[in-house]
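Trainee: Provided herewith: final-v4.cif, mmCIF, C-alpha atoms.
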```cif
data_final
#
loop_
_atom_site.group_PDB
_atom_site.id
_atom_site.type_symbol
_atom_site.label_atom_id
_atom_site.label_comp_id
_atom_site.auth_asym_id
_atom_site.auth_seq_id
_atom_site.Cartn_x
_atom_site.Cartn_y
_atom_site.Cartn_z
ATOM 1 C CA MET A 1 42.790 -25.928 -35.615
ATOM 2 C CA ASN A 2 40.406 -28.465 -34.151
ATOM 3 C CA THR A 3 41.823 -30.048 -30.998
ATOM 4 C CA ASP A 4 38.442 -31.624 -30.262
ATOM 5 C CA ILE A 5 38.275 -30.598 -26.589
ATOM 6 C CA PRO A 6 34.945 -31.863 -25.207
ATOM 7 C CA ILE A 7 34.176 -28.513 -23.597
ATOM 8 C CA LEU A 8 30.426 -29.026 -23.781
ATOM 9 C CA THR A 9 30.654 -32.226 -21.816
ATOM 10 C CA ALA A 10 32.619 -30.410 -19.108
ATOM 11 C CA ILE A 11 29.979 -27.759 -18.466
ATOM 12 C CA PRO A 12 26.744 -29.248 -19.800
ATOM 13 C CA LEU A 13 24.544 -28.424 -16.850
ATOM 14 C CA LEU A 14 25.519 -24.759 -16.697
ATOM 15 C CA LEU A 15 25.056 -24.356 -20.441
ATOM 16 C CA LYS A 16 21.720 -26.137 -20.339
ATOM 17 C CA PHE A 17 20.541 -23.971 -17.442
ATOM 18 C CA MET A 18 21.570 -20.778 -19.253
ATOM 19 C CA LEU A 19 19.774 -21.846 -22.435
ATOM 20 C CA VAL A 20 16.577 -22.855 -20.657
ATOM 21 C CA PHE A 21 16.642 -19.648 -18.595
ATOM 22 C CA GLY A 22 17.040 -17.530 -21.759
ATOM 23 C CA MET A 23 14.217 -19.407 -23.433
ATOM 24 C CA ALA A 24 11.990 -18.926 -20.375
ATOM 25 C CA ILE A 25 12.585 -15.162 -20.520
ATOM 26 C CA TYR A 26 11.691 -15.246 -24.212
ATOM 27 C CA ALA A 27 8.544 -17.272 -23.399
ATOM 28 C CA LEU A 28 7.425 -14.337 -21.252
ATOM 29 C CA PHE A 29 7.754 -12.077 -24.289
ATOM 30 C CA ALA A 30 5.767 -14.592 -26.383
ATOM 31 C CA PHE A 31 3.020 -14.626 -23.750
ATOM 32 C CA ILE A 32 2.916 -10.810 -23.684
ATOM 33 C CA MET A 33 2.541 -10.902 -27.476
ATOM 34 C CA VAL A 34 -0.542 -13.155 -27.203
ATOM 35 C CA ARG A 35 -2.030 -10.950 -24.487
ATOM 36 C CA GLN A 36 -1.274 -7.748 -26.373
ATOM 37 C CA GLU A 37 -2.912 -9.112 -29.518
ATOM 38 C CA GLN A 38 -6.070 -9.819 -27.500
ATOM 39 C CA LEU A 39 -6.048 -6.287 -26.052
ATOM 40 C CA MET A 40 -5.430 -4.625 -29.412
ATOM 41 C CA ALA A 41 -8.190 -6.689 -31.029
ATOM 42 C CA ARG A 42 -10.542 -5.068 -28.525
ATOM 43 C CA VAL A 43 -9.285 -1.598 -29.470
ATOM 44 C CA PHE A 44 -9.575 -2.264 -33.201
ATOM 45 C CA SER A 45 -11.376 -5.089 -34.933
ATOM 46 C CA GLY A 46 -11.107 -5.555 -38.686
ATOM 47 C CA ALA A 47 -12.026 -9.242 -39.145
ATOM 48 C CA ASN A 48 -8.436 -10.532 -39.484
ATOM 49 C CA GLU A 49 -7.434 -10.621 -35.839
ATOM 50 C CA PRO A 50 -8.061 -14.411 -35.475
ATOM 51 C CA VAL A 51 -5.217 -15.010 -37.953
ATOM 52 C CA LEU A 52 -2.853 -12.930 -35.816
ATOM 53 C CA ARG A 53 -4.079 -14.631 -32.644
ATOM 54 C CA LEU A 54 -3.384 -18.040 -34.191
ATOM 55 C CA LEU A 55 0.124 -16.967 -35.244
ATOM 56 C CA ALA A 56 0.833 -15.562 -31.759
ATOM 57 C CA LEU A 57 -0.328 -18.845 -30.193
ATOM 58 C CA ILE A 58 1.775 -20.896 -32.651
ATOM 59 C CA HIS A 59 4.751 -18.726 -31.685
ATOM 60 C CA LEU A 60 4.110 -19.323 -27.979
ATOM 61 C CA ALA A 61 3.750 -23.067 -28.628
ATOM 62 C CA GLY A 62 7.057 -22.942 -30.526
ATOM 63 C CA VAL A 63 8.832 -21.393 -27.539
ATOM 64 C CA VAL A 64 7.361 -23.974 -25.158
ATOM 65 C CA THR A 65 8.465 -26.742 -27.556
ATOM 66 C CA ALA A 66 11.979 -25.256 -27.668
ATOM 67 C CA ILE A 67 12.132 -25.249 -23.851
ATOM 68 C CA LEU A 68 10.943 -28.868 -23.705
ATOM 69 C CA LEU A 69 13.480 -29.852 -26.380
ATOM 70 C CA ALA A 70 16.245 -28.098 -24.452
ATOM 71 C CA ILE A 71 15.287 -29.859 -21.198
ATOM 72 C CA THR A 72 14.981 -33.315 -22.758
ATOM 73 C CA MET A 73 17.642 -33.271 -25.479
ATOM 74 C CA LEU A 74 20.510 -31.319 -23.944
ATOM 75 C CA MET B 1 -10.289 -4.525 -44.197
ATOM 76 C CA GLY B 2 -7.766 -7.040 -45.515
ATOM 77 C CA LEU B 3 -4.802 -8.430 -43.637
ATOM 78 C CA PHE B 4 -2.351 -6.476 -45.803
ATOM 79 C CA SER B 5 -4.660 -3.582 -46.628
ATOM 80 C CA ASP B 6 -3.293 -0.096 -45.986
ATOM 81 C CA TYR B 7 -6.154 1.949 -47.434
ATOM 82 C CA ALA B 8 -9.833 1.070 -47.164
ATOM 83 C CA LEU B 9 -12.672 3.382 -48.084
ATOM 84 C CA ARG B 10 -15.861 2.592 -46.137
ATOM 85 C CA PRO B 11 -14.406 -0.704 -44.871
ATOM 86 C CA ALA B 12 -16.781 -3.474 -43.877
ATOM 87 C CA ASN B 13 -16.543 -5.181 -40.456
ATOM 88 C CA VAL B 14 -14.347 -2.487 -38.912
ATOM 89 C CA ARG B 15 -15.034 -1.676 -35.272
ATOM 90 C CA PHE B 16 -13.024 0.332 -32.772
ATOM 91 C CA GLU B 17 -13.035 1.049 -29.066
ATOM 92 C CA THR B 18 -15.309 3.962 -28.035
ATOM 93 C CA GLN B 19 -17.192 3.793 -31.355
ATOM 94 C CA GLN B 20 -20.474 5.627 -30.873
ATOM 95 C CA THR B 21 -23.957 4.701 -32.030
ATOM 96 C CA GLY B 22 -24.394 5.768 -35.634
ATOM 97 C CA GLU B 23 -20.683 6.336 -36.091
ATOM 98 C CA ILE B 24 -19.555 4.911 -39.427
ATOM 99 C CA VAL B 25 -15.924 4.411 -40.425
ATOM 100 C CA GLU B 26 -15.424 6.288 -43.691
ATOM 101 C CA LEU B 27 -11.735 5.596 -44.107
ATOM 102 C CA ALA B 28 -9.322 3.184 -42.448
ATOM 103 C CA LEU B 29 -5.599 3.615 -42.993
ATOM 104 C CA ARG B 30 -2.342 1.973 -42.078
ATOM 105 C CA GLN B 31 1.139 3.053 -43.040
ATOM 106 C CA HIS B 32 2.118 2.230 -46.617
ATOM 107 C CA LEU B 33 3.399 -1.334 -46.958
ATOM 108 C CA VAL B 34 6.776 -0.007 -48.067
ATOM 109 C CA VAL B 35 7.579 0.827 -44.422
ATOM 110 C CA MET B 36 7.771 -2.942 -43.837
ATOM 111 C CA VAL B 37 10.637 -3.421 -46.308
ATOM 112 C CA PRO B 38 13.511 -3.058 -43.742
ATOM 113 C CA SER B 39 11.816 -5.584 -41.436
ATOM 114 C CA VAL B 40 11.250 -8.026 -44.320
ATOM 115 C CA LEU B 41 14.924 -7.781 -45.317
ATOM 116 C CA LEU B 42 16.022 -8.395 -41.728
ATOM 117 C CA ILE B 43 13.701 -11.417 -41.477
ATOM 118 C CA GLY B 44 15.275 -12.749 -44.687
ATOM 119 C CA VAL B 45 18.722 -12.429 -43.079
ATOM 120 C CA LEU B 46 17.477 -14.175 -39.904
ATOM 121 C CA VAL B 47 16.125 -17.078 -41.992
ATOM 122 C CA ILE B 48 19.255 -17.491 -44.105
ATOM 123 C CA LEU B 49 21.859 -16.986 -41.356
ATOM 124 C CA PRO B 50 21.739 -20.472 -39.728
ATOM 125 C CA LEU B 51 21.862 -22.123 -43.151
ATOM 126 C CA LEU B 52 25.159 -20.342 -43.799
ATOM 127 C CA ALA B 53 26.561 -20.133 -40.266
ATOM 128 C CA TRP B 54 26.339 -23.792 -39.188
ATOM 129 C CA PRO B 55 28.166 -25.251 -42.235
ATOM 130 C CA MET B 56 30.833 -22.548 -41.857
ATOM 131 C CA LEU B 57 31.317 -23.214 -38.132
ATOM 132 C CA ILE B 58 31.237 -26.994 -38.387
ATOM 133 C CA GLY B 59 32.679 -27.620 -41.844
ATOM 134 C CA THR B 60 35.723 -25.364 -41.536
ATOM 135 C CA ASN B 61 36.714 -26.496 -38.023
ATOM 136 C CA ALA B 62 36.677 -22.836 -36.964
ATOM 137 C CA LEU B 63 35.843 -23.691 -33.361
ATOM 138 C CA PRO B 64 38.318 -25.321 -30.939
ATOM 139 C CA PHE B 65 35.594 -27.718 -29.784
ATOM 140 C CA THR B 66 32.833 -29.736 -31.389
ATOM 141 C CA ILE B 67 29.189 -28.765 -31.081
ATOM 142 C CA PRO B 68 26.993 -31.786 -30.372
ATOM 143 C CA ALA B 69 24.182 -32.434 -32.873
ATOM 144 C CA ASN B 70 21.466 -32.052 -30.231
ATOM 145 C CA TYR B 71 22.681 -28.499 -29.485
ATOM 146 C CA ILE B 72 22.569 -27.657 -33.193
ATOM 147 C CA ILE B 73 18.987 -28.954 -33.450
ATOM 148 C CA VAL B 74 17.700 -27.115 -30.353
ATOM 149 C CA LEU B 75 19.503 -23.844 -31.097
ATOM 150 C CA THR B 76 18.388 -23.825 -34.745
ATOM 151 C CA PHE B 77 14.790 -24.523 -33.747
ATOM 152 C CA PHE B 78 14.867 -21.730 -31.146
ATOM 153 C CA TRP B 79 16.507 -19.363 -33.648
ATOM 154 C CA TYR B 80 13.620 -19.839 -36.075
ATOM 155 C CA VAL B 81 11.070 -19.363 -33.283
ATOM 156 C CA VAL B 82 12.762 -16.038 -32.425
ATOM 157 C CA ALA B 83 12.767 -15.092 -36.133
ATOM 158 C CA MET B 84 9.040 -15.832 -36.235
ATOM 159 C CA GLY B 85 8.554 -13.720 -33.100
ATOM 160 C CA PHE B 86 10.409 -10.804 -34.667
ATOM 161 C CA ALA B 87 8.337 -11.114 -37.855
ATOM 162 C CA LEU B 88 5.091 -11.283 -35.881
ATOM 163 C CA ALA B 89 5.991 -8.326 -33.633
ATOM 164 C CA SER B 90 6.932 -6.228 -36.688
ATOM 165 C CA PHE B 91 3.707 -7.144 -38.448
ATOM 166 C CA MET B 92 1.576 -6.454 -35.368
ATOM 167 C CA ARG B 93 3.221 -3.056 -34.947
ATOM 168 C CA TRP B 94 2.203 -2.208 -38.534
ATOM 169 C CA PHE B 95 -1.206 -3.921 -38.361
ATOM 170 C CA PHE B 96 -2.411 -2.172 -35.199
ATOM 171 C CA ASN B 97 -1.020 1.252 -36.070
ATOM 172 C CA ILE B 98 -4.254 2.602 -37.495
ATOM 173 C CA TYR B 99 -5.731 5.891 -38.565
ATOM 174 C CA LEU B 100 -9.507 6.088 -38.871
ATOM 175 C CA VAL B 101 -11.827 8.733 -40.238
ATOM 176 C CA SER B 102 -15.427 8.300 -39.174
ATOM 177 C CA ASN B 103 -18.439 10.460 -39.927
ATOM 178 C CA LYS B 104 -17.911 12.039 -36.477
ATOM 179 C CA ARG B 105 -14.241 11.833 -35.522
ATOM 180 C CA ILE B 106 -10.722 11.117 -36.560
ATOM 181 C CA VAL B 107 -9.003 8.411 -34.556
ATOM 182 C CA ASP B 108 -5.319 7.591 -34.193
ATOM 183 C CA ILE B 109 -4.434 4.215 -32.687
ATOM 184 C CA ASP B 110 -0.710 3.864 -32.017
ATOM 185 C CA PHE B 111 0.831 0.524 -31.196
ATOM 186 C CA VAL B 112 4.435 1.525 -30.681
ATOM 187 C CA HIS B 113 5.690 -1.712 -29.156
ATOM 188 C CA MET B 114 4.444 -4.656 -27.139
ATOM 189 C CA LEU B 115 3.954 -2.675 -23.945
ATOM 190 C CA TYR B 116 2.838 0.708 -25.265
ATOM 191 C CA LYS B 117 -0.359 1.687 -27.040
ATOM 192 C CA MET B 118 -2.085 5.024 -27.427
ATOM 193 C CA PHE B 119 -5.608 5.889 -28.530
ATOM 194 C CA SER B 120 -6.429 9.470 -29.509
ATOM 195 C CA ALA B 121 -9.500 10.923 -31.150
ATOM 196 C CA THR B 122 -10.995 14.294 -31.940
ATOM 197 C CA TYR B 123 -14.288 15.449 -33.400
ATOM 198 C CA LEU B 124 -14.298 16.590 -37.011
ATOM 199 C CA SER B 125 -15.748 19.928 -35.865
ATOM 200 C CA ARG B 126 -12.505 20.571 -33.937
ATOM 201 C CA ILE B 127 -10.365 20.383 -37.087
ATOM 202 C CA GLU B 128 -8.992 23.794 -38.037
ATOM 203 C CA ASP B 129 -6.492 23.022 -40.743
ATOM 204 C CA ILE B 130 -5.395 20.004 -42.730
ATOM 205 C CA SER B 131 -2.397 19.605 -44.994
ATOM 206 C CA TYR B 132 -0.213 16.898 -46.483
ATOM 207 C CA ALA B 133 3.398 16.491 -47.525
ATOM 208 C CA GLN B 134 5.168 14.135 -49.881
ATOM 209 C CA SER B 135 8.911 14.393 -50.152
ATOM 210 C CA GLY B 136 11.525 12.245 -51.787
ATOM 211 C CA PHE B 137 11.659 9.742 -54.608
ATOM 212 C CA LEU B 138 9.858 6.845 -52.894
ATOM 213 C CA MET B 139 6.951 8.933 -51.572
ATOM 214 C CA THR B 140 6.398 10.467 -54.994
ATOM 215 C CA MET B 141 6.706 7.198 -56.909
ATOM 216 C CA LEU B 142 4.579 5.108 -54.537
ATOM 217 C CA ASP B 143 2.123 7.901 -53.695
ATOM 218 C CA TYR B 144 2.384 7.960 -49.950
ATOM 219 C CA GLY B 145 3.101 10.748 -47.475
ATOM 220 C CA ASN B 146 2.173 12.502 -44.246
ATOM 221 C CA VAL B 147 -1.100 14.228 -43.418
ATOM 222 C CA TYR B 148 -1.082 16.902 -40.709
ATOM 223 C CA ILE B 149 -4.323 17.757 -38.945
ATOM 224 C CA GLN B 150 -4.388 20.837 -36.747
ATOM 225 C CA THR B 151 -7.107 20.964 -34.126
ATOM 226 C CA ALA B 152 -8.653 23.878 -32.245
ATOM 227 C CA GLY B 153 -7.216 25.261 -29.024
ATOM 228 C CA THR B 154 -4.900 23.168 -26.898
ATOM 229 C CA GLU B 155 -6.084 19.829 -28.282
ATOM 230 C CA LYS B 156 -3.517 17.427 -29.637
ATOM 231 C CA ASN B 157 -2.657 17.784 -33.316
ATOM 232 C CA PHE B 158 -2.798 14.642 -35.436
ATOM 233 C CA GLU B 159 -0.182 13.299 -37.793
ATOM 234 C CA PHE B 160 -0.979 10.454 -40.160
ATOM 235 C CA LEU B 161 2.504 9.327 -41.134
ATOM 236 C CA ASN B 162 3.526 7.407 -44.271
ATOM 237 C CA ILE B 163 -0.044 6.793 -45.371
ATOM 238 C CA PRO B 164 -1.031 5.916 -48.946
ATOM 239 C CA HIS B 165 -2.759 8.476 -51.199
ATOM 240 C CA PRO B 166 -2.441 11.486 -48.832
ATOM 241 C CA GLN B 167 -4.226 13.859 -51.216
ATOM 242 C CA SER B 168 -7.219 11.546 -51.364
ATOM 243 C CA VAL B 169 -7.178 11.294 -47.543
ATOM 244 C CA VAL B 170 -7.221 15.093 -47.214
ATOM 245 C CA ASP B 171 -10.117 15.249 -49.697
ATOM 246 C CA THR B 172 -12.066 12.592 -47.768
ATOM 247 C CA ILE B 173 -11.554 14.282 -44.378
ATOM 248 C CA THR B 174 -12.530 17.671 -45.846
ATOM 249 C CA ARG B 175 -15.633 16.187 -47.464
ATOM 250 C CA VAL B 176 -16.733 14.269 -44.354
ATOM 251 C CA ALA B 177 -16.087 17.308 -42.109
ATOM 252 C CA ALA B 178 -18.126 19.520 -44.465
ATOM 253 C CA LEU B 179 -21.011 17.014 -44.481
ATOM 254 C CA GLN B 180 -20.889 16.755 -40.705
ATOM 255 C CA GLY B 181 -20.844 20.559 -40.389
ATOM 256 C CA ALA B 182 -23.788 20.914 -42.768
ATOM 257 C CA ALA B 183 -25.758 18.289 -40.824
ATOM 258 C CA PHE B 184 -24.993 20.099 -37.558
ATOM 259 C CA ASN B 185 -26.101 23.468 -38.975
ATOM 260 C CA LYS B 186 -29.305 21.939 -40.360
ATOM 261 C CA LYS B 187 -30.097 20.356 -37.000
ATOM 262 C CA HIS B 188 -29.532 23.599 -35.098
ATOM 263 C CA ALA B 189 -31.079 26.036 -37.639
#
```
Could you render the structure from this file as structure tokens?

Mentor:
Amino acid sequence: MNTDIPILTAIPLLLKFMLVFGMAIYALFAFIMVRQEQLMARVFSGANEPVLRLLALIHLAGVVTAILLAITML
Amino acid sequence: MGLFSDYALRPANVRFETQQTGEIVELALRQHLVVMVPSVLLIGVLVILPLLAWPMLIGTNALPFTIPANYIIVLTFFWYVVAMGFALASFMRWFFNIYLVSNKRIVDIDFVHMLYKMFSATYLSRIEDISYAQSGFLMTMLDYGNVYIQTAGTEKNFEFLNIPHPQSVVDTITRVAALQGAAFNKKHA
């Protein structure tokens, strides 16, 4: 049954805050991943670490983009 | 050593922390690629799930409210970023979990999760006993298993888990340890 209650328009700010907060926590994890890759590349270097570093940075950029999208679009 | 390589004999361009002058890496190992299968399957589920879930939630009117399009876009984008993060974390855990055999030492680098790493090493001369075990259908078919290295005294024992070609690894360690022992005896004769 779809009664079409505009629930998201009733609590948009709270929902937006919760989403952005969750994404910010996840961004911390993404940053740790970049840092950890740098540390591990010092412990072991086998010529392919730049690929991992690039992927970790792309991931971090993805999280930042998601936060910006959430702030601007929601 | 390649990005997806799990067994490299005398690998080029491999360096590790605390590597000594004249220390050459004879063998570099990671766990067999088959250990990644559960993670790969889970990543597949993470990728497919939004493609199935959104049409089901929206198309069947299962929810008592409508989800605005901008929420769908942002949540889907974030979902795929998280899926990428999971894939990357799983790969890094495999990639940096390394076992090395040099002409002087054996080294075990453990990268258990994002906030925990462990580096252990022992000299080849400290090795007292070495054995390997392969059990089960997959280990036998794909030729991977565990190598157990017992060291002298109270030093930590080493376990190389789920590594490819365990018999060959045991042979290499035995050969390198014998060479190192012979060189030591010659030097001190």

Trainee: In Å, with one decimal, what is the gap from atom CA of B:Gly22 to atom CA of A:Met40?

Mentor: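 We find that atom CA of B:Gly22 and atom CA of A:Met40 lie 22.5 Å from each other.
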
Trainee: Determine, using all atoms listed in the file, which residues of chain B have any atom at most 8 Å from an atom of chain A, and tabulate each with its shortest atom pair and distance in Å to one decimal place, rows ordered by chain and then rising number, as a tab-separated table.

Mentor:
```
residue	atom	partner	partner_atom	distance
B:Met1	CA	A:Gly46	CA	5.7
B:Gly2	CA	A:Asn48	CA	7.0
B:Leu3	CA	A:Asn48	CA	5.9
B:Ala12	CA	A:Gly46	CA	8.0
B:Asn13	CA	A:Gly46	CA	5.7
B:Val14	CA	A:Gly46	CA	4.5
B:Arg15	CA	A:Ser45	CA	5.0
B:Phe16	CA	A:Phe44	CA	4.3
B:Glu17	CA	A:Val43	CA	4.6
B:Asn61	CA	A:Asn2	CA	5.7
B:Ala62	CA	A:Met1	CA	7.0
B:Leu63	CA	A:Asn2	CA	6.7
B:Pro64	CA	A:Asn2	CA	5.0
B:Phe65	CA	A:Asp4	CA	4.9
B:Thr66	CA	A:Asp4	CA	6.0
B:Ile67	CA	A:Leu8	CA	7.4
B:Pro68	CA	A:Leu8	CA	7.9
B:Asn70	CA	A:Met73	CA	6.2
B:Tyr71	CA	A:Leu74	CA	6.6
B:Val74	CA	A:Ala70	CA	6.2
B:Phe77	CA	A:Ala66	CA	6.7
B:Phe78	CA	A:Ala66	CA	5.7
B:Val81	CA	A:Gly62	CA	6.0
B:Met84	CA	A:His59	CA	6.9
B:Gly85	CA	A:His59	CA	6.4
B:Leu88	CA	A:Ala56	CA	7.3
B:Ala89	CA	A:Met33	CA	7.5
B:Met92	CA	A:Glu37	CA	7.8
B:Phe96	CA	A:Met40	CA	7.0
B:Met114	CA	A:Met33	CA	6.5
B:Leu115	CA	A:Gln36	CA	7.7
```

Trainee: Output the residue selection produced by the PyMOL selection byres ((chain B and resi 123) around 12) on the file above, formatted as a short mmCIF file (atom, residue, chain, number, x, y, z; two decimals) with C-alpha atoms, keeping the file's coordinate frame.

Mentor:
```cif
data_model
loop_
_atom_site.label_atom_id
_atom_site.label_comp_id
_atom_site.auth_asym_id
_atom_site.auth_seq_id
_atom_site.Cartn_x
_atom_site.Cartn_y
_atom_site.Cartn_z
CA GLN B 20 -20.47 5.63 -30.87
CA GLU B 23 -20.68 6.34 -36.09
CA LEU B 100 -9.51 6.09 -38.87
CA VAL B 101 -11.83 8.73 -40.24
CA SER B 102 -15.43 8.30 -39.17
CA ASN B 103 -18.44 10.46 -39.93
CA LYS B 104 -17.91 12.04 -36.48
CA ARG B 105 -14.24 11.83 -35.52
CA ILE B 106 -10.72 11.12 -36.56
CA VAL B 107 -9.00 8.41 -34.56
CA ASP B 108 -5.32 7.59 -34.19
CA SER B 120 -6.43 9.47 -29.51
CA ALA B 121 -9.50 10.92 -31.15
CA THR B 122 -11.00 14.29 -31.94
CA LEU B 124 -14.30 16.59 -37.01
CA SER B 125 -15.75 19.93 -35.86
CA ARG B 126 -12.50 20.57 -33.94
CA ILE B 127 -10.36 20.38 -37.09
CA GLU B 128 -8.99 23.79 -38.04
CA ILE B 149 -4.32 17.76 -38.94
CA GLN B 150 -4.39 20.84 -36.75
CA THR B 151 -7.11 20.96 -34.13
CA ALA B 152 -8.65 23.88 -32.24
CA GLU B 155 -6.08 19.83 -28.28
CA LYS B 156 -3.52 17.43 -29.64
CA ASN B 157 -2.66 17.78 -33.32
CA PHE B 158 -2.80 14.64 -35.44
CA ILE B 173 -11.55 14.28 -44.38
CA VAL B 176 -16.73 14.27 -44.35
CA ALA B 177 -16.09 17.31 -42.11
CA GLN B 180 -20.89 16.76 -40.70
CA GLY B 181 -20.84 20.56 -40.39
#
```

Trainee: Which one is closest to B:Ile163: B:Phe184, B:Tyr80, B:Trp94, B:Phe111? Count all atoms listed in the file.

Mentor: B:Trp94

Trainee: For B:Ala53, which residue out of B:Ala8, B:Ile72, B:Leu138, B:Leu179 is the nearest one, using all atoms listed in the file?

Mentor: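 Answer, going by the shortest atom-to-atom distance: B:Ile72.
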
Trainee: Between atom CA of B:Phe137 and atom CA of B:Tyr99, what is the spacing in Å?

Mentor: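 Separation of atom CA of B:Tyr99 and atom CA of B:Phe137: 24.0 Å.
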
Trainee: Grab the atom CA of B:Tyr116 to atom CA of B:Arg93 distance for me, in Å with one decimal place.

Mentor: 10.4 Å

Trainee: Using all atoms listed in the file, which residue out of A:Gln38, A:Pro12, A:Ile25, A:Met18 lies closest to A:Arg53?

Mentor: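 Closest candidate: A:Gln38.
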
Trainee: I would like the residues chosen by the PyMOL selection byres ((chain B and resi 110) around 8) on the shown file; could you give them as number ranges by chain?

Mentor: B: 96-98, 108-109, 111-112, 117-119

Trainee: Show which residues sit within 10 Å of stretch 45-51 of chain B, as a list of chain:residue names. Count all atoms listed in the file, and ignore same-chain residues fewer than 6 positions away.

Mentor: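 So, after excluding close chain neighbours, the residues are B:Ser39, B:Ile72, B:Leu75, B:Thr76, B:Trp79, B:Tyr80, B:Val82, B:Ala83, B:Met84, B:Phe86, B:Ala87.
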
Trainee: If we count all atoms listed in the file, what is near B:Ala133 at a cut-off of 12 Å, once residues fewer than 4 positions away on the same chain are taken out, given as a count of residues only?

Mentor: 20
